[in-house]
$ cat final_34.cif   # mmCIF, C-alpha atoms
data_work
#
loop_
_atom_site.label_atom_id
_atom_site.label_comp_id
_atom_site.auth_asym_id
_atom_site.auth_seq_id
_atom_site.Cartn_x
_atom_site.Cartn_y
_atom_site.Cartn_z
CA MET A 1 0.00 0.00 0.00
CA SER A 2 1.60 3.26 -1.10
CA LYS A 3 1.47 6.41 0.98
CA THR A 4 -1.15 9.05 0.27
CA SER A 5 -2.26 12.18 2.07
CA ASN A 6 -5.90 11.27 1.51
CA SER A 7 -6.92 8.86 4.27
CA ASN A 8 -10.44 8.67 2.79
CA LEU A 9 -9.10 6.18 0.25
CA LEU A 10 -8.86 3.71 3.12
CA GLY A 11 -12.63 3.68 3.53
CA PRO A 12 -14.62 4.19 6.72
CA LYS A 13 -13.03 3.70 10.11
CA ASN A 14 -14.61 0.46 11.25
CA VAL A 15 -12.57 -0.28 14.39
CA HIS A 16 -13.37 1.38 17.70
CA LEU A 17 -10.54 1.32 20.22
CA VAL A 18 -12.12 1.62 23.66
CA PHE A 19 -10.16 2.28 26.83
CA ASN A 20 -10.90 3.65 30.29
CA GLY A 21 -14.48 2.52 29.88
CA ASP A 22 -15.87 5.03 27.42
CA GLU A 23 -13.06 6.86 25.59
CA VAL A 24 -12.93 5.85 21.93
CA LEU A 25 -10.46 6.21 19.07
CA GLN A 26 -11.35 5.01 15.58
CA ALA A 27 -9.17 3.32 12.99
CA HIS A 28 -9.32 1.37 9.73
CA SER A 29 -9.22 -2.39 10.05
CA ARG A 30 -7.21 -2.60 6.80
CA VAL A 31 -4.42 -0.52 8.34
CA LEU A 32 -4.45 -2.30 11.69
CA GLN A 33 -4.32 -5.71 10.02
CA LEU A 34 -1.28 -4.65 8.02
CA PHE A 35 0.75 -3.54 11.01
CA SER A 36 -0.64 -5.32 14.09
CA SER A 37 -0.97 -9.06 14.62
CA ALA A 38 -3.61 -8.36 17.28
CA PHE A 39 -6.00 -7.53 14.44
CA ALA A 40 -4.83 -10.11 11.91
CA ASP A 41 -7.87 -12.39 12.23
CA ARG A 42 -10.55 -9.74 12.51
CA PRO A 43 -13.06 -9.21 9.67
CA THR A 44 -12.60 -6.36 7.22
CA VAL A 45 -16.24 -5.72 6.30
CA ALA A 46 -16.82 -1.99 6.68
CA GLU A 47 -20.29 -2.44 8.14
CA ASP A 48 -19.04 -4.82 10.80
CA VAL A 49 -18.14 -2.38 13.57
CA GLN A 50 -15.46 -3.90 15.76
CA THR A 51 -14.58 -3.03 19.32
CA TRP A 52 -11.18 -3.62 20.87
CA LEU A 53 -10.80 -3.14 24.59
CA ILE A 54 -7.40 -1.62 25.31
CA LYS A 55 -5.91 -2.64 28.64
CA ALA A 56 -2.46 -3.34 29.98
CA GLU A 57 -0.73 -4.15 33.22
CA PRO A 58 -0.05 -2.73 35.70
CA GLY A 59 -2.38 0.16 34.81
CA PRO A 60 -4.62 1.44 32.05
CA VAL A 61 -3.15 2.64 28.78
CA THR A 62 -3.68 6.34 28.22
CA ARG A 63 -5.40 7.84 25.22
CA ALA A 64 -2.14 9.62 24.33
CA VAL A 65 -0.23 6.33 24.09
CA VAL A 66 -2.87 4.75 21.84
CA GLN A 67 -2.90 7.87 19.67
CA GLN A 68 0.89 7.78 19.33
CA TRP A 69 0.69 4.13 18.32
CA LEU A 70 -1.94 4.89 15.69
CA ASP A 71 0.14 7.80 14.38
CA ALA A 72 3.17 5.52 14.05
CA ILE A 73 1.10 2.99 12.11
CA TYR A 74 -0.72 5.46 9.88
CA ALA A 75 2.55 7.23 9.04
CA GLN A 76 3.41 4.12 7.00
CA VAL A 77 0.48 4.64 4.62
CA ASP A 78 -0.60 8.27 5.01
CA SER A 79 1.93 11.06 4.41
CA SER A 80 -0.20 13.51 6.39
CA ARG A 81 0.31 11.51 9.60
CA SER A 82 3.48 11.39 11.68
CA LEU A 83 4.54 10.13 15.07
CA ARG A 84 4.80 12.85 17.70
CA LEU A 85 6.81 11.65 20.64
CA PRO A 86 5.77 12.99 24.06
CA SER A 87 9.22 14.44 24.82
CA SER A 88 12.95 13.95 24.40
CA CYS A 89 13.01 11.71 27.48
CA LEU A 90 13.34 8.03 26.62
CA ASP A 91 11.34 7.08 29.71
CA ASP A 92 8.28 8.93 28.40
CA SER A 93 8.22 6.72 25.29
CA LEU A 94 8.54 3.42 27.15
CA PRO A 95 4.73 3.06 27.53
CA LEU A 96 4.42 3.43 23.74
CA LEU A 97 7.07 0.78 23.11
CA ILE A 98 5.53 -1.64 25.60
CA PHE A 99 2.04 -1.10 24.17
CA ALA A 100 3.30 -1.52 20.61
CA GLU A 101 4.88 -4.82 21.62
CA ALA A 102 1.64 -5.98 23.24
CA MET A 103 -0.26 -5.18 20.03
CA GLY A 104 2.10 -7.32 17.96
CA THR A 105 3.24 -4.30 15.96
CA THR A 106 5.28 -5.11 12.87
CA ASP A 107 9.02 -4.52 12.71
CA VAL A 108 8.76 -1.69 10.18
CA VAL A 109 6.66 0.35 12.61
CA MET A 110 8.81 -0.56 15.61
CA GLN A 111 11.95 0.54 13.78
CA SER A 112 10.30 3.83 12.84
CA ILE A 113 9.58 4.52 16.52
CA GLY A 114 13.18 3.70 17.38
CA ARG A 115 14.50 6.01 14.66
CA ALA A 116 12.22 8.83 15.83
CA LEU A 117 13.81 8.57 19.27
CA VAL A 118 17.34 8.43 17.88
CA GLU A 119 16.67 11.57 15.84
CA LYS A 120 16.08 13.52 19.06
CA SER A 121 19.32 15.48 19.47
CA ASP A 122 18.64 16.00 23.18
CA LEU A 123 17.52 12.45 23.95
CA HIS A 124 18.00 11.60 27.61
CA MET A 125 16.93 9.10 30.24
CA THR A 126 16.24 9.39 33.95
CA VAL A 127 17.92 7.48 36.74
CA PRO A 128 15.84 6.83 39.90
CA MET A 129 17.68 8.19 42.93
CA GLY A 130 15.42 6.98 45.71
CA PRO A 131 12.09 5.41 46.64
CA PRO A 132 8.76 7.09 45.82
CA SER A 133 7.73 9.89 48.15
CA ALA A 134 4.40 10.10 49.96
CA ASN A 135 2.80 11.61 46.85
CA GLY A 136 4.20 8.86 44.62
CA MET A 137 6.94 10.96 43.02
CA VAL A 138 10.31 9.29 42.47
CA PRO A 139 13.44 11.48 42.71
CA VAL A 140 15.40 11.20 39.47
CA VAL A 141 18.40 12.70 37.71
CA SER A 142 18.44 13.28 33.96
CA VAL A 143 21.30 11.73 31.97
CA ASN A 144 22.10 12.85 28.42
CA LEU A 145 22.50 9.95 26.01
CA ARG A 146 24.65 11.85 23.51
CA ASP A 147 28.17 13.24 23.78
CA THR A 148 28.25 13.77 27.52
CA ILE A 149 30.82 12.08 29.71
CA TYR A 150 29.95 11.60 33.36
CA PHE A 151 32.61 10.93 35.97
CA VAL A 152 33.17 10.94 39.73
CA PRO A 153 36.34 12.75 40.93
CA LYS A 154 38.10 10.98 43.79
CA SER A 155 40.20 13.88 45.05
CA GLY A 156 40.19 17.64 45.31
CA ALA A 157 37.28 19.98 45.96
CA ALA A 158 35.03 18.03 43.57
CA ALA A 159 35.65 14.65 45.23
CA GLY A 160 32.52 12.56 45.65
CA THR A 161 30.39 14.58 43.24
CA LEU A 162 29.04 13.62 39.83
CA ARG A 163 30.46 15.77 37.05
CA GLY A 164 29.61 16.06 33.38
CA CYS A 165 31.57 17.24 30.34
CA HIS A 166 29.28 18.70 27.69
CA PRO A 167 30.24 19.37 24.06
CA ASN A 168 31.75 22.79 23.35
CA GLU A 169 31.21 24.13 26.85
CA PRO A 170 34.27 25.62 28.52
CA HIS A 171 33.69 24.16 31.96
CA VAL A 172 32.85 20.86 33.57
CA VAL A 173 29.45 21.04 35.28
CA MET A 174 28.33 19.48 38.54
CA VAL A 175 25.37 17.13 38.07
CA LEU A 176 25.04 15.82 41.63
CA ASP A 177 26.61 17.17 44.80
CA VAL A 178 28.05 15.08 47.63
CA GLU A 179 24.74 15.02 49.51
CA ALA A 180 22.83 13.68 46.50
CA MET A 181 25.51 11.06 45.84
CA THR A 182 25.33 10.00 49.50
CA LEU A 183 21.54 9.63 49.26
CA ALA A 184 21.99 7.51 46.14
CA LYS A 185 24.33 5.22 48.04
CA ALA A 186 21.80 4.95 50.86
CA TYR A 187 19.19 3.87 48.28
CA ASP A 188 21.54 1.38 46.59
CA ALA A 189 24.80 0.11 48.06
CA GLY A 190 26.43 0.54 44.66
CA GLY A 191 25.59 4.24 44.63
CA PHE A 192 24.86 6.27 41.52
CA GLN A 193 27.05 3.99 39.39
CA ALA A 194 24.83 0.99 40.16
CA LEU A 195 21.62 2.99 39.70
CA LEU A 196 22.79 4.23 36.30
CA ALA A 197 23.84 0.74 35.23
CA LYS A 198 20.47 -0.73 36.22
CA ALA A 199 18.51 2.00 34.42
CA LEU A 200 20.62 1.54 31.30
CA GLU A 201 20.25 -2.24 31.54
CA ALA A 202 16.46 -1.96 31.60
CA CYS A 203 16.48 0.21 28.47
CA LEU A 204 18.97 -2.05 26.68
CA HIS A 205 16.90 -5.11 27.51
CA LEU A 206 13.67 -3.57 26.22
CA CYS A 207 15.29 -2.22 23.06
CA GLY A 208 17.00 -5.54 22.45
CA ARG A 209 13.80 -7.49 23.04
CA LEU A 210 12.02 -5.27 20.52
CA LYS A 211 15.00 -5.47 18.12
CA LEU A 212 15.28 -1.68 17.94
CA ARG A 213 18.67 -1.64 16.28
CA SER A 214 19.28 2.10 15.92
CA LEU A 215 18.21 2.86 19.49
CA THR A 216 20.27 -0.03 20.86
CA ARG A 217 23.31 1.33 19.00
CA LEU A 218 22.79 4.74 20.58
CA LEU A 219 22.58 3.24 24.07
CA LEU A 220 25.73 1.20 23.46
CA ASP A 221 27.52 4.32 22.19
CA PHE A 222 26.56 6.03 25.46
CA LEU A 223 27.90 3.05 27.40
CA LYS A 224 31.20 3.10 25.52
CA LEU A 225 31.60 6.85 26.01
CA GLN A 226 31.38 6.36 29.78
CA CYS A 227 34.20 3.79 29.75
CA LEU A 228 36.91 6.19 30.86
CA PRO A 229 40.40 4.68 30.96
CA THR A 230 40.58 4.87 34.75
CA MET A 231 38.20 2.72 36.77
CA GLN A 232 37.99 5.19 39.64
CA PHE A 233 36.61 7.97 37.42
CA SER A 234 34.20 6.00 35.24
CA VAL A 235 30.52 5.84 36.18
CA LEU A 236 30.01 2.53 34.35
CA LEU A 237 33.20 0.45 34.34
CA PRO A 238 32.79 -0.54 38.02
CA THR A 239 29.23 -1.76 37.35
CA MET A 240 29.54 -2.91 33.73
CA SER A 241 28.30 -6.41 34.55
CA LEU A 242 25.04 -4.85 35.76
CA ALA A 243 24.55 -2.90 32.53
CA LEU A 244 25.50 -5.75 30.19
CA SER A 245 23.51 -8.38 32.03
CA PRO A 246 22.87 -11.91 30.71
CA ARG A 247 19.37 -10.94 29.56
CA VAL A 248 20.75 -7.92 27.67
CA ILE A 249 23.24 -10.15 25.84
CA ASP A 250 20.54 -12.75 25.23
CA CYS A 251 18.17 -10.18 23.69
CA MET A 252 20.79 -8.21 21.76
CA PRO A 253 19.77 -7.83 18.09
CA ARG A 254 21.59 -10.48 16.04
CA GLU A 255 22.90 -7.85 13.63
CA LEU A 256 24.80 -6.08 16.41
CA LEU A 257 26.23 -9.34 17.75
CA PHE A 258 27.39 -10.31 14.27
CA GLU A 259 28.97 -6.89 13.75
CA GLY A 260 30.91 -7.17 16.99
CA PHE A 261 32.21 -10.63 16.13
CA VAL A 262 33.26 -9.67 12.60
CA ARG A 263 34.88 -6.43 13.79
CA ASP A 264 36.91 -8.35 16.36
CA ALA A 265 37.94 -10.96 13.78
CA LEU A 266 39.06 -8.33 11.25
CA GLU A 267 40.54 -5.58 13.38
CA HIS A 268 41.65 -6.79 16.80
CA ARG A 269 45.41 -7.00 16.32
CA ARG A 270 47.51 -5.14 18.84
CA ALA A 271 50.93 -4.41 17.38
CA GLN A 272 52.91 -4.85 20.61
CA VAL A 273 55.14 -1.89 19.78
CA ASP A 274 56.17 1.06 21.93
CA LEU A 275 55.21 4.50 20.65
CA THR A 276 57.00 7.65 21.81
CA ALA A 277 56.95 11.18 20.42
CA ASP A 278 57.93 14.57 21.74
CA LYS A 279 55.22 16.40 19.84
CA VAL A 280 51.99 15.29 18.19
CA ASP A 281 48.99 17.35 17.10
CA VAL A 282 45.69 15.89 18.30
CA LEU A 283 42.64 16.95 16.26
CA MET A 284 39.19 16.84 17.86
CA ALA A 285 37.40 15.06 15.00
CA SER A 286 34.28 13.99 16.92
CA GLN A 287 31.94 15.25 19.61
CA GLY A 288 33.00 12.41 21.88
CA ALA A 289 36.68 13.34 21.65
CA ALA A 290 35.90 17.02 22.11
CA THR A 291 33.88 16.23 25.21
CA TRP A 292 36.60 14.10 26.77
CA PHE A 293 39.34 16.66 26.09
CA ASN A 294 37.03 19.60 26.86
CA LEU A 295 37.89 21.30 23.56
CA PRO A 296 35.77 22.52 20.62
CA VAL A 297 35.13 20.12 17.75
CA GLY A 298 37.67 20.70 14.99
CA SER A 299 40.29 22.22 17.28
CA SER A 300 43.72 20.71 17.89
CA GLN A 301 46.02 20.40 20.85
CA THR A 302 49.72 19.61 21.12
CA ALA A 303 50.63 16.55 23.14
CA SER A 304 53.42 14.03 23.59
CA ILE A 305 53.45 10.23 23.67
CA GLU A 306 55.31 8.85 26.67
CA LYS A 307 55.95 5.40 28.06
CA SER A 308 54.09 4.57 31.26
CA SER A 309 56.31 3.84 34.24
CA VAL A 310 53.63 1.48 35.59
CA ASP A 311 52.95 -0.99 32.77
CA GLY A 312 55.03 0.25 29.84
CA SER A 313 52.03 1.30 27.74
CA SER A 314 52.17 4.33 25.44
CA LEU A 315 50.34 7.32 26.90
CA LEU A 316 49.07 10.37 25.04
CA THR A 317 49.94 13.15 27.47
CA PHE A 318 48.88 16.80 27.44
CA LYS A 319 50.57 19.67 29.23
CA ARG A 320 47.22 21.05 30.38
CA GLY A 321 44.96 19.30 32.88
CA VAL A 322 43.70 16.39 30.79
CA SER A 323 44.17 12.80 31.91
CA ALA A 324 46.65 10.80 29.85
CA LEU A 325 45.19 8.21 27.50
CA GLU A 326 46.68 4.94 26.35
CA VAL A 327 47.59 4.88 22.66
CA ARG A 328 47.45 1.52 20.91
CA ALA A 329 48.99 0.67 17.56
CA VAL A 330 47.22 -1.86 15.33
CA LEU A 331 49.27 -4.19 13.15
CA GLY A 332 47.76 -5.43 9.89
CA GLY A 333 44.10 -5.90 9.11
CA PRO A 334 42.06 -4.04 6.48
CA LEU A 335 41.92 -0.28 6.20
CA GLN A 336 38.96 1.42 7.89
CA GLN A 337 36.78 1.76 4.79
CA GLU A 338 37.59 -1.75 3.60
CA SER A 339 36.82 -3.13 7.06
CA LYS A 340 33.45 -1.37 7.04
CA ARG A 341 32.65 -2.77 3.59
CA LEU A 342 33.60 -6.29 4.64
CA ARG A 343 31.57 -6.06 7.85
CA THR A 344 28.51 -4.92 5.93
CA GLU A 345 28.91 -7.68 3.34
CA ILE A 346 29.46 -10.45 5.89
CA VAL A 347 26.74 -9.34 8.32
CA GLU A 348 24.14 -8.88 5.57
CA ALA A 349 24.86 -12.39 4.30
CA ALA A 350 24.57 -13.79 7.82
CA MET A 351 21.28 -11.99 8.44
CA GLN A 352 19.80 -13.44 5.25
CA SER A 353 20.84 -17.01 6.00
#
$ encode --input "final_34.cif" --output "structure tokens"
Amino acid sequence: MSKTSNSNLLGPKNVHLVFNGDEVLQAHSRVLQLFSSAFADRPTVAEDVQTWLIKAEPGPVTRAVVQQWLDAIYAQVDSSRSLRLPSSCLDDSLPLLIFAEAMGTTDVVMQSIGRALVEKSDLHMTVPMGPPSANGMVPVVSVNLRDTIYFVPKSGAAAGTLRGCHPNEPHVVMVLDVEAMTLAKAYDAGGFQALLAKALEACLHLCGRLKLRSLTRLLLDFLKLQCLPTMQFSVLLPTMSLALSPRVIDCMPRELLFEGFVRDALEHRRAQVDLTADKVDVLMASQGAATWFNLPVGSSQTASIEKSSVDGSSLLTFKRGVSALEVRAVLGGPLQQESKRLRTEIVEAAMQS
């Protein structure tokens, strides 16, 4: 069925979606049958008015969620319709994803919802910081899912706080003070790090279960960005086993698992050579690099490569206050573009088998 801006071509709306007792939304059975297995066996006669009682656990589905689901479905066949997400907070779209799963929504619609979330430049998630209050409100902290590095200083005036490096901002910002971090530890023995890992794990599990590839990639990119080279600073390395739980691995989209295996087979070759240099120019070619080094994208900084006195590794060292980073040389393997082409070719063949 090709897209058209004239929904009248679909005929009369002969499905009544009823929820909360008397609130009704109408839809075309032809459209629902195309994109929802819950309606696959229902008749398509226009005169046969159908009623579908919408309910879900643990509470009733809101009209807004059902409307978002219908918009996501109709956007596939009607160019005048589009999905309007409730906000840039991933948590606010979880009811839509769960409802779409319950309705047996087809993969093409599910992927469109995932892409709509990924396209949000300010997409973020919330991390519960304590139990619900007397009025049912849960204290939370918002965590950006793009190009923001979070870390916990262990010394100095900022010790024990949660800090964040944002792209192209001149200063590190404080996200949580010592008191808030202490309250988080009282709520969970693992502190904020464990709470973040558990919140991320829940999102990764749901996205993996629904095979939302683009959204899962974004969450994994966030995870990798938090893997600072020093365990004591990172907010995720100490609790990585909580974030990448067995159920997350079990539900991970096959395409992403295949990509990881092929990438490791093609590219994982450490050269076992020592690198030293008195002067190297480091260009900030990505938002992630710019965030870590607290420099604008496209700028450069002079550094040196020195041998670590601890383990002999090669360290990229700056004169200004930026932590040294290990530099690894790769021996052999395909060039970057060739590796990408091979990965695509191999993974596509595996997915079709």
$ resolve_selection --input "final_34.cif" --expression "the PyMOL selection byres ((chain A and resi 197) around 12)" --output "ChimeraX atom specification"
/A:125-128,143,188,190-196,198-205,219-220,222-223,226,234-245,248
$ residues_around --input "final_34.cif" --residues "His166 (chain A)" --least-positions-apart "6" --cutoff "8 Å" --atoms "all atoms listed in the file" --output "list in words"
Asp147, Thr148, Ile149, Val172, Val173, Thr291 and Asn294 of chain A
$ resolve_selection --input "final_34.cif" --expression "the PyMOL selection byres ((chain A and resi 160) around 6)" --output "list in words"
Ala159, Thr161 and Val178 of chain A
$ atom_distance --input "final_34.cif" --atom1 "CA of Ser155 (chain A)" --atom2 "CA of Asp177 (chain A)"
14.0 Å
$ residues_near_point --input "final_34.cif" --point "(43.0, 23.8, 19.8)" --cutoff "10 Å" --atoms "only C-alpha atoms" --output "ChimeraX atom specification"
/A:281-284,295-302
$ atom_distance --input "final_34.cif" --atom1 "CA of Thr105 (chain A)" --atom2 "CA of Asp71 (chain A)"
12.6 Å
$ residues_around --input "final_34.cif" --residues "Leu96 (chain A)" --least-positions-apart "4" --cutoff "7 Å" --atoms "all atoms listed in the file" --output "list in words"
Val65, Trp69 and Ala100 of chain A
$ resolve_selection --input "final_34.cif" --expression "the PyMOL selection byres ((chain A and resi 318) around 12)" --output "PDB file with C-alpha atoms, keeping the file's coordinate frame"
ATOM      1  CA  ASP A 278      57.930  14.570  21.740  1.00  0.00           C
ATOM      2  CA  LYS A 279      55.220  16.400  19.840  1.00  0.00           C
ATOM      3  CA  VAL A 280      51.990  15.290  18.190  1.00  0.00           C
ATOM      4  CA  ASP A 281      48.990  17.350  17.100  1.00  0.00           C
ATOM      5  CA  VAL A 282      45.690  15.890  18.300  1.00  0.00           C
ATOM      6  CA  PHE A 293      39.340  16.660  26.090  1.00  0.00           C
ATOM      7  CA  SER A 300      43.720  20.710  17.890  1.00  0.00           C
ATOM      8  CA  GLN A 301      46.020  20.400  20.850  1.00  0.00           C
ATOM      9  CA  THR A 302      49.720  19.610  21.120  1.00  0.00           C
ATOM     10  CA  ALA A 303      50.630  16.550  23.140  1.00  0.00           C
ATOM     11  CA  SER A 304      53.420  14.030  23.590  1.00  0.00           C
ATOM     12  CA  ILE A 305      53.450  10.230  23.670  1.00  0.00           C
ATOM     13  CA  GLU A 306      55.310   8.850  26.670  1.00  0.00           C
ATOM     14  CA  LEU A 315      50.340   7.320  26.900  1.00  0.00           C
ATOM     15  CA  LEU A 316      49.070  10.370  25.040  1.00  0.00           C
ATOM     16  CA  THR A 317      49.940  13.150  27.470  1.00  0.00           C
ATOM     17  CA  LYS A 319      50.570  19.670  29.230  1.00  0.00           C
ATOM     18  CA  ARG A 320      47.220  21.050  30.380  1.00  0.00           C
ATOM     19  CA  GLY A 321      44.960  19.300  32.880  1.00  0.00           C
ATOM     20  CA  VAL A 322      43.700  16.390  30.790  1.00  0.00           C
ATOM     21  CA  SER A 323      44.170  12.800  31.910  1.00  0.00           C
ATOM     22  CA  ALA A 324      46.650  10.800  29.850  1.00  0.00           C
ATOM     23  CA  LEU A 325      45.190   8.210  27.500  1.00  0.00           C
TER      24      LEU A 325
END
$ atom_distance --input "final_34.cif" --atom1 "CA of Arg343 (chain A)" --atom2 "CA of Val262 (chain A)"
6.2 Å
$ closest_residue --input "final_34.cif" --among "A:Asp221, A:Gly312, A:Ala350, A:Val109" --to "Phe261 (chain A)" --atoms "all atoms listed in the file"
A:Ala350
$ residues_near_point --input "final_34.cif" --point "(9.3, 12.6, 26.1)" --cutoff "12 Å" --atoms "only C-alpha atoms" --output "list in words"
Ala64, Val65, Gln68, Arg84, Leu85, Pro86, Ser87, Ser88, Cys89, Leu90, Asp91, Asp92, Ser93, Leu94, Pro95, Leu96, Ala116, Leu117, Lys120, Asp122, Leu123, His124, Met125 and Thr126 of chain A
$ closest_residue --input "final_34.cif" --among "A:Phe233, A:Gly208, A:Leu225, A:Glu101" --to "Leu162 (chain A)" --atoms "all atoms listed in the file"
A:Phe233
$ closest_residue --input "final_34.cif" --among "A:Ala349, A:Ala72, A:Met103, A:Ala265" --to "Ser37 (chain A)" --atoms "all atoms listed in the file"
A:Met103
$ closest_residue --input "final_34.cif" --among "A:Leu145, A:Ala329, A:Leu70, A:Leu256" --to "Ser82 (chain A)" --atoms "all atoms listed in the file"
A:Leu70
$ closest_residue --input "final_34.cif" --among "A:Met351, A:Ile346, A:Arg270, A:Arg30" --to "Arg328 (chain A)" --atoms "only C-alpha atoms"
A:Arg270
$ decode --input "final_34.cif" --residues "region 241-263 of chain A" --atoms "C-alpha atoms" --output "mmCIF file, in the first residue's frame"
data_model
loop_
_atom_site.group_PDB
_atom_site.id
_atom_site.type_symbol
_atom_site.label_atom_id
_atom_site.label_comp_id
_atom_site.auth_asym_id
_atom_site.auth_seq_id
_atom_site.Cartn_x
_atom_site.Cartn_y
_atom_site.Cartn_z
ATOM 1 C CA SER A 241 28.300 -6.410 34.554
ATOM 2 C CA LEU A 242 25.036 -4.853 35.761
ATOM 3 C CA ALA A 243 24.549 -2.902 32.529
ATOM 4 C CA LEU A 244 25.504 -5.751 30.191
ATOM 5 C CA SER A 245 23.510 -8.384 32.029
ATOM 6 C CA PRO A 246 22.870 -11.910 30.710
ATOM 7 C CA ARG A 247 19.371 -10.942 29.563
ATOM 8 C CA VAL A 248 20.751 -7.923 27.667
ATOM 9 C CA ILE A 249 23.243 -10.147 25.843
ATOM 10 C CA ASP A 250 20.542 -12.752 25.234
ATOM 11 C CA CYS A 251 18.172 -10.178 23.691
ATOM 12 C CA MET A 252 20.791 -8.209 21.763
ATOM 13 C CA PRO A 253 19.773 -7.831 18.092
ATOM 14 C CA ARG A 254 21.587 -10.476 16.038
ATOM 15 C CA GLU A 255 22.896 -7.854 13.631
ATOM 16 C CA LEU A 256 24.801 -6.080 16.412
ATOM 17 C CA LEU A 257 26.227 -9.344 17.753
ATOM 18 C CA PHE A 258 27.393 -10.309 14.265
ATOM 19 C CA GLU A 259 28.970 -6.886 13.750
ATOM 20 C CA GLY A 260 30.906 -7.167 16.991
ATOM 21 C CA PHE A 261 32.209 -10.630 16.135
ATOM 22 C CA VAL A 262 33.260 -9.672 12.597
ATOM 23 C CA ARG A 263 34.881 -6.428 13.787
#
